[in-house]
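Below is the file entry-v3.txt, which contains compact mmCIF, C-alpha atoms and all ligand atoms.
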```txt
# COMPACT_ATOMS: atom_id res chain seq x y z
CA MET A 1 16.30 -0.03 14.22
CA HIS A 2 17.02 -3.09 12.07
CA PRO A 3 19.88 -2.25 9.64
CA MET A 4 17.79 -3.12 6.56
CA LEU A 5 14.90 -0.99 7.84
CA ASN A 6 17.35 1.85 8.34
CA ILE A 7 18.35 1.66 4.66
CA ALA A 8 14.70 1.35 3.59
CA VAL A 9 13.91 4.56 5.53
CA ARG A 10 16.86 6.34 3.92
CA ALA A 11 15.70 5.17 0.49
CA ALA A 12 12.11 6.31 1.14
CA ARG A 13 13.29 9.75 2.31
CA ASN A 14 15.51 10.11 -0.77
CA ALA A 15 12.54 9.25 -3.00
CA GLY A 16 10.39 11.69 -0.99
CA LYS A 17 12.83 14.52 -1.82
CA VAL A 18 12.58 13.73 -5.54
CA ILE A 19 8.76 13.67 -5.33
CA ILE A 20 8.38 16.92 -3.37
CA ARG A 21 10.80 18.79 -5.64
CA SER A 22 8.65 17.84 -8.65
CA PHE A 23 5.33 18.43 -6.87
CA GLU A 24 6.36 22.08 -6.57
CA GLN A 25 6.85 22.26 -10.38
CA LEU A 26 4.08 20.00 -11.63
CA ASP A 27 3.96 21.64 -15.07
CA LYS A 28 7.42 20.17 -15.81
CA VAL A 29 6.39 16.58 -15.02
CA GLU A 30 6.01 14.25 -18.03
CA VAL A 31 3.03 11.89 -17.91
CA GLU A 32 2.66 8.71 -19.98
CA SER A 33 -0.09 6.10 -20.06
CA LYS A 34 1.01 2.52 -19.35
CA GLY A 35 -2.42 0.87 -19.31
CA SER A 36 -6.11 1.60 -18.88
CA ASN A 37 -6.28 4.67 -16.57
CA ASP A 38 -2.78 3.73 -15.42
CA PHE A 39 -0.22 6.52 -15.63
CA VAL A 40 3.50 6.79 -15.04
CA THR A 41 5.37 10.07 -14.68
CA SER A 42 9.02 11.00 -14.94
CA VAL A 43 8.84 11.31 -11.13
CA ASP A 44 7.78 7.67 -10.56
CA THR A 45 10.86 6.59 -12.51
CA ALA A 46 13.25 9.08 -10.85
CA ALA A 47 11.98 8.20 -7.35
CA GLU A 48 12.37 4.48 -8.04
CA GLN A 49 15.91 5.13 -9.31
CA ALA A 50 16.77 7.00 -6.08
CA ILE A 51 15.49 4.05 -4.03
CA ILE A 52 17.40 1.46 -6.07
CA GLU A 53 20.64 3.46 -5.81
CA THR A 54 20.28 3.70 -2.01
CA ILE A 55 19.62 -0.04 -1.66
CA ARG A 56 22.42 -1.03 -4.05
CA LYS A 57 25.02 0.92 -1.99
CA SER A 58 24.39 -1.28 1.07
CA TYR A 59 22.92 -4.47 -0.39
CA PRO A 60 24.17 -4.92 -3.98
CA GLU A 61 23.40 -8.65 -3.89
CA HIS A 62 19.68 -8.35 -2.99
CA THR A 63 16.84 -8.76 -5.50
CA ILE A 64 14.65 -5.72 -6.16
CA VAL A 65 11.10 -5.80 -7.50
CA GLY A 66 10.13 -2.28 -8.54
CA GLU A 67 6.82 -1.21 -10.03
CA GLU A 68 8.59 0.68 -12.80
CA SER A 69 11.77 -1.43 -13.28
CA GLY A 70 10.38 -4.95 -12.88
CA VAL A 71 12.53 -7.66 -11.28
CA LEU A 72 16.23 -6.86 -10.85
CA THR A 73 17.60 -10.21 -9.80
CA GLY A 74 20.56 -10.10 -7.41
CA SER A 75 22.91 -12.95 -6.52
CA ASP A 76 20.99 -13.42 -3.22
CA ASP A 77 17.35 -14.12 -4.01
CA ASP A 78 16.51 -14.77 -0.32
CA TYR A 79 16.27 -11.00 0.13
CA GLN A 80 13.68 -9.23 -1.98
CA TRP A 81 12.84 -5.52 -1.86
CA VAL A 82 9.34 -4.68 -3.12
CA ILE A 83 9.00 -1.05 -4.13
CA ASP A 84 6.24 1.34 -5.09
CA PRO A 85 8.15 4.62 -5.57
CA LEU A 86 5.00 6.75 -5.75
CA ASP A 87 1.69 5.29 -4.61
CA GLY A 88 -1.09 7.67 -5.54
CA THR A 89 0.18 8.81 -8.94
CA THR A 90 -3.27 10.07 -9.99
CA ASN A 91 -3.36 12.33 -6.91
CA PHE A 92 0.18 13.50 -7.66
CA ILE A 93 -0.64 14.39 -11.28
CA LYS A 94 -3.76 16.30 -10.18
CA GLY A 95 -1.86 18.23 -7.50
CA ILE A 96 -3.69 16.48 -4.64
CA PRO A 97 -1.18 16.23 -1.76
CA HIS A 98 -1.87 12.62 -0.74
CA PHE A 99 0.62 9.97 -1.91
CA ALA A 100 3.44 7.87 -0.48
CA VAL A 101 6.60 5.87 -1.03
CA SER A 102 6.22 2.20 -0.13
CA ILE A 103 9.12 -0.20 0.46
CA ALA A 104 8.92 -3.73 1.87
CA ILE A 105 11.66 -6.30 2.39
CA LYS A 106 10.86 -9.99 2.16
CA VAL A 107 13.25 -12.58 3.58
CA LYS A 108 12.80 -16.06 2.09
CA GLY A 109 9.35 -15.05 0.87
CA LYS A 110 8.16 -13.63 4.22
CA LEU A 111 7.51 -9.95 4.89
CA ASP A 112 10.25 -8.77 7.24
CA GLN A 113 10.55 -4.96 7.15
CA ALA A 114 8.22 -2.21 5.92
CA VAL A 115 8.28 1.55 5.33
CA ILE A 116 5.52 3.81 4.05
CA PHE A 117 6.55 7.45 3.85
CA ASP A 118 4.18 10.37 3.26
CA PRO A 119 6.54 13.15 2.12
CA ILE A 120 3.91 15.90 2.36
CA ARG A 121 3.12 15.35 6.05
CA GLY A 122 6.53 13.93 6.94
CA GLU A 123 4.83 10.83 8.34
CA LEU A 124 6.99 7.72 8.45
CA PHE A 125 5.22 4.42 9.09
CA THR A 126 7.57 1.51 9.86
CA ALA A 127 7.25 -2.12 10.89
CA SER A 128 9.66 -4.96 11.63
CA ARG A 129 8.50 -8.56 11.78
CA GLY A 130 7.63 -9.46 15.39
CA LYS A 131 8.53 -5.98 16.66
CA GLY A 132 5.32 -3.99 16.09
CA ALA A 133 4.51 -0.97 13.96
CA GLN A 134 5.38 2.70 14.47
CA LEU A 135 4.45 6.14 13.20
CA ASN A 136 7.39 8.52 13.54
CA GLY A 137 8.80 6.18 16.17
CA MET A 138 5.61 5.92 18.26
CA ARG A 139 3.82 2.58 18.56
CA ILE A 140 0.59 2.28 16.52
CA ARG A 141 -2.28 -0.23 16.75
CA VAL A 142 -5.38 -1.03 14.69
CA GLN A 143 -8.76 -0.07 16.17
CA ALA A 144 -10.38 -3.11 17.77
CA HIS A 145 -13.96 -2.67 16.47
CA LYS A 146 -16.22 -5.70 16.57
CA GLU A 147 -19.03 -4.38 14.41
CA LEU A 148 -19.29 -2.26 11.29
CA SER A 149 -21.59 0.18 13.02
CA GLY A 150 -19.64 3.34 13.85
CA THR A 151 -16.65 2.49 11.66
CA VAL A 152 -15.05 4.41 8.78
CA LEU A 153 -13.66 2.21 6.01
CA ALA A 154 -11.26 3.15 3.23
CA THR A 155 -11.48 1.71 -0.26
CA GLY A 156 -10.14 2.13 -3.77
CA PHE A 157 -12.43 2.17 -6.81
CA PRO A 158 -11.56 -0.41 -9.50
CA PHE A 159 -10.61 2.33 -11.99
CA LYS A 160 -8.05 0.10 -13.72
CA HIS A 161 -10.49 -2.87 -13.77
CA LYS A 162 -13.83 -1.43 -14.77
CA GLN A 163 -15.19 -4.90 -15.61
CA HIS A 164 -15.63 -5.29 -11.84
CA THR A 165 -17.68 -2.10 -11.40
CA ASN A 166 -21.02 -3.83 -10.74
CA ALA A 167 -19.62 -6.36 -8.25
CA TYR A 168 -17.64 -3.57 -6.56
CA MET A 169 -20.70 -1.32 -6.26
CA ALA A 170 -22.68 -4.19 -4.72
CA MET A 171 -19.91 -4.81 -2.15
CA PHE A 172 -19.62 -1.11 -1.45
CA GLY A 173 -23.39 -0.75 -1.03
CA ALA A 174 -23.61 -3.65 1.41
CA LEU A 175 -20.76 -2.26 3.54
CA PHE A 176 -21.88 1.35 3.29
CA ALA A 177 -25.30 0.41 4.66
CA LYS A 178 -23.61 -0.78 7.87
CA THR A 179 -20.69 1.62 8.34
CA SER A 180 -20.58 5.20 9.49
CA ASP A 181 -18.79 6.46 6.35
CA MET A 182 -16.29 5.58 3.62
CA ARG A 183 -13.12 7.22 2.24
CA ARG A 184 -11.50 6.95 -1.22
CA ALA A 185 -8.30 8.89 -0.68
CA GLY A 186 -6.24 7.54 -3.62
CA SER A 187 -3.24 5.73 -2.10
CA ALA A 188 -3.62 2.08 -1.13
CA ALA A 189 -0.32 2.21 0.77
CA LEU A 190 -1.55 5.08 2.95
CA ASP A 191 -4.97 3.41 3.34
CA LEU A 192 -3.21 0.38 4.85
CA ALA A 193 -0.89 2.56 6.96
CA TYR A 194 -3.96 4.40 8.29
CA VAL A 195 -5.61 1.09 9.22
CA ALA A 196 -2.42 0.21 11.11
CA ALA A 197 -2.51 3.61 12.85
CA GLY A 198 -6.18 3.21 13.86
CA ARG A 199 -7.22 6.26 11.80
CA ILE A 200 -9.33 4.09 9.50
CA ASP A 201 -11.07 0.95 10.76
CA GLY A 202 -10.74 -1.18 7.65
CA PHE A 203 -9.84 -1.19 3.95
CA PHE A 204 -10.82 -3.17 0.87
CA GLU A 205 -9.89 -2.98 -2.80
CA ILE A 206 -9.98 -5.11 -5.96
CA GLY A 207 -6.96 -5.96 -8.12
CA LEU A 208 -4.01 -4.36 -6.32
CA LYS A 209 -0.40 -5.21 -7.21
CA PRO A 210 2.17 -6.68 -4.79
CA TRP A 211 4.03 -3.32 -4.50
CA ASP A 212 0.80 -1.53 -3.51
CA THR A 213 0.25 -3.77 -0.48
CA ALA A 214 3.52 -5.42 0.66
CA ALA A 215 4.64 -2.77 3.17
CA GLY A 216 1.06 -1.99 4.25
CA GLU A 217 0.34 -5.64 4.95
CA LEU A 218 3.25 -5.95 7.41
CA LEU A 219 2.23 -2.66 9.05
CA VAL A 220 -1.34 -3.88 9.62
CA ILE A 221 -0.23 -7.28 10.92
CA GLU A 222 2.38 -5.76 13.25
CA ALA A 223 -0.25 -3.29 14.49
CA GLY A 224 -2.41 -6.26 15.51
CA GLY A 225 -4.71 -6.50 12.48
CA LEU A 226 -5.53 -9.00 9.75
CA VAL A 227 -5.03 -8.97 6.00
CA SER A 228 -6.77 -11.47 3.71
CA ASP A 229 -8.40 -11.94 0.32
CA PHE A 230 -12.17 -11.55 -0.08
CA THR A 231 -12.89 -15.06 1.25
CA GLY A 232 -10.63 -14.83 4.31
CA GLY A 233 -7.83 -16.79 2.59
CA HIS A 234 -4.25 -15.83 1.78
CA ASN A 235 -4.53 -15.42 -1.97
CA HIS A 236 -4.51 -11.60 -1.83
CA VAL A 237 -0.95 -11.18 -3.12
CA LYS A 238 -1.86 -13.15 -6.24
CA SER A 239 -5.42 -11.89 -6.76
CA GLY A 240 -4.79 -8.35 -5.49
CA ASN A 241 -8.22 -8.52 -3.82
CA ILE A 242 -7.58 -7.37 -0.29
CA VAL A 243 -9.37 -6.72 3.00
CA ALA A 244 -7.58 -5.35 6.07
CA SER A 245 -8.96 -4.52 9.52
CA SER A 246 -8.93 -5.66 13.11
CA THR A 247 -9.27 -9.42 13.65
CA ARG A 248 -12.85 -9.06 14.83
CA LEU A 249 -14.06 -6.59 12.22
CA GLN A 250 -12.52 -8.65 9.42
CA LYS A 251 -15.17 -11.38 9.96
CA GLU A 252 -17.96 -8.81 9.63
CA VAL A 253 -16.50 -7.29 6.47
CA LEU A 254 -16.04 -10.71 4.84
CA LYS A 255 -19.56 -11.81 5.80
CA THR A 256 -21.04 -8.61 4.36
CA ILE A 257 -19.27 -8.78 0.98
CA ARG A 258 -19.60 -12.56 0.49
CA PRO A 259 -23.01 -12.53 -1.31
CA HIS A 260 -21.71 -10.04 -3.91
CA LEU A 261 -18.42 -11.57 -4.99
CA GLY A 262 -19.48 -13.70 -7.97
CA ASP A 263 -17.00 -16.11 -9.59
CA ALA A 264 -14.40 -13.51 -10.61
CA LEU A 265 -13.74 -12.18 -7.09
CA SER A 266 -14.04 -15.38 -5.02
CA LYS A 267 -10.35 -16.18 -5.41
C1 LIG B 301 -2.72 3.05 -7.04
C2 LIG B 301 -3.16 3.63 -5.73
C3 LIG B 301 -4.68 3.71 -5.69
C4 LIG B 301 -5.31 2.37 -5.91
C5 LIG B 301 -4.81 1.77 -7.20
C6 LIG B 301 -3.29 1.69 -7.19
P1 LIG B 301 -0.39 3.87 -8.11
O1 LIG B 301 -1.30 2.95 -7.12
O2 LIG B 301 -2.73 2.86 -4.67
O3 LIG B 301 -5.15 4.14 -4.43
O4 LIG B 301 -6.71 2.52 -5.98
O5 LIG B 301 -5.38 0.51 -7.34
O6 LIG B 301 -2.85 1.12 -8.40
O7 LIG B 301 -0.69 3.45 -9.51
O8 LIG B 301 -0.73 5.27 -7.84
O9 LIG B 301 1.00 3.49 -7.68
CA CA B 302 0.61 1.74 -6.23
CA CA B 303 3.14 3.65 -8.13
```

Represent the supplied structure as structure tokens.
Amino acid sequence: MHPMLNIAVRAARNAGKVIIRSFEQLDKVEVESKGSNDFVTSVDTAAEQAIIETIRKSYPEHTIVGEESGVLTGSDDDYQWVIDPLDGTTNFIKGIPHFAVSIAIKVKGKLDQAVIFDPIRGELFTASRGKGAQLNGMRIRVQAHKELSGTVLATGFPFKHKQHTNAYMAMFGALFAKTSDMRRAGSAALDLAYVAAGRIDGFFEIGLKPWDTAAGELLVIEAGGLVSDFTGGHNHVKSGNIVASSTRLQKEVLKTIRPHLGDALSK
């Protein structure tokens, strides 16, 4: 295993311990609102702290971008760690056991290493640039569907961006008419990891943040899939509008949502 991936795995497992300990005593968890339908708990902060401490021990000079801490600039900006300490906070708060730790490492702006860890199931998804993607050490690949018929897609509702509800519903409706079924499980990181593992055939969501998608993007690419914005371009990190699936299915998804994007989502 690549030495940086090794540290990322250690950091994710440390955060997982913090999360599981608190999940067993949910009544003690403090919840605060940080935006419209956007919550942060004492556990998000503690898990992020555990990750940062683990990284700092081995790579004190690297830059860290954490959802809760913002940018912690190190002396070596070529190496950037992008962290979501708890993806699926709403599930966590509600006691729904579906959430993950997501850690990606970018080298000179390019995704290089990725870990998504589901501490409930003990599932560790990892990817290294050019070396493929794994689940608990076993190679994973995206499902190579050509058509939407027979597929199951994952999505996230735009609950933090309700101004996009109508456009989203139109996109959803157009896709739903063609697919077998849809899932809204509540963790974008796990949605992407499941696309990489071939459990889900594709995923789309509006307005995600870089820490939601960084590790998942490398997993999908290394598992043989594609990640793009809603027009097939590469603006998804900036816009947060993301589609992921197999190379062939991606075309179908993009074609199906195109008529419903409007001005706001065509970037
Ligand atoms: C959220 C989850 C959710 C997605 C939201 C994200 P958080 O992340 O990934 O599935 O629909 O858009 O913000 O806030 O739980 O880290
Ligand atoms: Ca997130
Ligand atoms: Ca989070």

Could you list, as a list in words, all residues that come within 7 Å of ligand CA 303 (chain B)? Count all atoms listed in the file. Asp44, Glu67, Asp84, Pro85, Leu86, Asp87, Gly88 and Thr89 of chain A

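The smallest atom-to-atom distance between ligand CA 302 (chain B) and any of A:Ser187, A:Gln25, A:Ser245, A:Ser58, using all atoms listed in the file, is found for A:Ser187.
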
Could you list, as a ChimeraX atom specification, all the residues within 10 Å of ligand LIG 301 (chain B), counting all atoms listed in the file? /A:37-40,44,67-68,83-93,98-102,154-161,184-192,204-213,240

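Nearest residue to ligand CA 302 (chain B) among A:Ala214, A:Ala167, A:Val243, A:Ile140 is A:Ala214, counting only C-alpha atoms and all ligand atoms.
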
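Compared by their closest atoms to Ile105 in chain A, and using all atoms listed in the file, the residues A:Ala244, A:Val29, A:Val65, A:Leu135 rank with A:Val65 nearest.
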
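In this comparison, which uses all atoms listed in the file, the residue of A:Gly216, A:Gly202, A:Pro60, A:Gly173 approaching ligand CA 302 (chain B) most closely is A:Gly216.
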
Straight-line distance linking CA of Lys108 in chain A with CA of Arg13 in chain A, stated in Å to one decimal: 25.8 Å

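CA of Val220 in chain A is found 18.6 Å from CA of Met1 in chain A.
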
Which of A:Gly16, A:Ala177, A:Ala215, A:Ile51 sits closest to ligand CA 302 (chain B) [using all atoms listed in the file]: A:Ala215

Exercise: residues within 10 Å of coordinate (14.3, -0.5, -15.3), counting only C-alpha atoms, as a PyMOL selection string: chain A and resi 45+48-49+52+65-72

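Once Ser266 in chain A and its same-chain neighbours fewer than 4 positions away are set aside, Asp229, Phe230, Thr231, Arg258, Leu261 and Gly262 of chain A remain within 9 Å of it when counting only C-alpha atoms.
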
Nearest to ligand CA 302 (chain B): which of A:Glu222, A:Lys57, A:Glu32, A:Ile116 is it, counting only C-alpha atoms and all ligand atoms? A:Ile116

Fix up range 43-66 of chain A with N, CA, C and O atoms, then write it as a short mmCIF file (atom, residue, chain, number, x, y, z; two decimals), in the coordinates of the input.
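out-v6.cif was written with the following content:
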```
data_model
loop_
_atom_site.label_atom_id
_atom_site.label_comp_id
_atom_site.auth_asym_id
_atom_site.auth_seq_id
_atom_site.Cartn_x
_atom_site.Cartn_y
_atom_site.Cartn_z
N VAL A 43 8.53 11.31 -12.57
CA VAL A 43 8.84 11.31 -11.13
C VAL A 43 8.80 9.89 -10.55
O VAL A 43 9.64 9.53 -9.72
N ASP A 44 7.82 9.08 -11.01
CA ASP A 44 7.78 7.67 -10.56
C ASP A 44 9.13 7.02 -10.86
O ASP A 44 9.72 6.34 -10.00
N THR A 45 9.61 7.22 -12.08
CA THR A 45 10.86 6.59 -12.51
C THR A 45 12.05 7.15 -11.74
O THR A 45 12.90 6.38 -11.27
N ALA A 46 12.10 8.47 -11.56
CA ALA A 46 13.25 9.08 -10.85
C ALA A 46 13.25 8.66 -9.38
O ALA A 46 14.31 8.39 -8.80
N ALA A 47 12.07 8.59 -8.77
CA ALA A 47 11.98 8.20 -7.35
C ALA A 47 12.41 6.74 -7.19
O ALA A 47 13.14 6.40 -6.25
N GLU A 48 11.97 5.90 -8.12
CA GLU A 48 12.37 4.48 -8.04
C GLU A 48 13.90 4.35 -8.19
O GLU A 48 14.54 3.58 -7.49
N GLN A 49 14.47 5.15 -9.10
CA GLN A 49 15.91 5.13 -9.31
C GLN A 49 16.65 5.53 -8.02
O GLN A 49 17.64 4.92 -7.64
N ALA A 50 16.15 6.55 -7.34
CA ALA A 50 16.77 7.00 -6.08
C ALA A 50 16.73 5.88 -5.03
O ALA A 50 17.70 5.67 -4.28
N ILE A 51 15.62 5.15 -5.00
CA ILE A 51 15.49 4.05 -4.03
C ILE A 51 16.48 2.93 -4.37
O ILE A 51 17.20 2.43 -3.50
N ILE A 52 16.51 2.56 -5.65
CA ILE A 52 17.40 1.46 -6.07
C ILE A 52 18.86 1.82 -5.77
O ILE A 52 19.61 0.99 -5.24
N GLU A 53 19.25 3.05 -6.08
CA GLU A 53 20.64 3.46 -5.81
C GLU A 53 20.97 3.35 -4.32
O GLU A 53 22.05 2.88 -3.94
N THR A 54 20.04 3.76 -3.47
CA THR A 54 20.28 3.70 -2.01
C THR A 54 20.42 2.24 -1.56
O THR A 54 21.31 1.91 -0.77
N ILE A 55 19.55 1.37 -2.07
CA ILE A 55 19.62 -0.04 -1.66
C ILE A 55 20.93 -0.67 -2.15
O ILE A 55 21.63 -1.35 -1.40
N ARG A 56 21.25 -0.41 -3.42
CA ARG A 56 22.42 -1.03 -4.05
C ARG A 56 23.73 -0.69 -3.31
O ARG A 56 24.65 -1.51 -3.26
N LYS A 57 23.80 0.53 -2.72
CA LYS A 57 25.02 0.92 -1.99
C LYS A 57 25.27 -0.01 -0.81
O LYS A 57 26.41 -0.33 -0.49
N SER A 58 24.20 -0.44 -0.12
CA SER A 58 24.39 -1.28 1.07
C SER A 58 24.18 -2.76 0.78
O SER A 58 24.80 -3.61 1.43
N TYR A 59 23.27 -3.07 -0.14
CA TYR A 59 22.92 -4.47 -0.39
C TYR A 59 22.93 -4.77 -1.89
O TYR A 59 21.88 -5.07 -2.48
N PRO A 60 24.12 -4.73 -2.52
CA PRO A 60 24.17 -4.92 -3.98
C PRO A 60 23.70 -6.31 -4.43
O PRO A 60 23.32 -6.49 -5.57
N GLU A 61 23.72 -7.28 -3.49
CA GLU A 61 23.40 -8.65 -3.89
C GLU A 61 21.90 -8.97 -3.78
O GLU A 61 21.44 -10.01 -4.22
N HIS A 62 21.10 -8.06 -3.18
CA HIS A 62 19.68 -8.35 -2.99
C HIS A 62 18.87 -8.17 -4.28
O HIS A 62 19.23 -7.36 -5.14
N THR A 63 17.75 -8.90 -4.36
CA THR A 63 16.84 -8.76 -5.50
C THR A 63 15.87 -7.60 -5.24
O THR A 63 15.44 -7.40 -4.10
N ILE A 64 15.57 -6.85 -6.30
CA ILE A 64 14.65 -5.72 -6.16
C ILE A 64 13.50 -5.90 -7.15
O ILE A 64 13.73 -6.18 -8.33
N VAL A 65 12.27 -5.77 -6.63
CA VAL A 65 11.10 -5.80 -7.50
C VAL A 65 10.48 -4.41 -7.44
O VAL A 65 9.90 -4.02 -6.43
N GLY A 66 10.64 -3.65 -8.53
CA GLY A 66 10.13 -2.28 -8.54
C GLY A 66 8.97 -2.16 -9.50
O GLY A 66 8.97 -2.80 -10.55
#
```
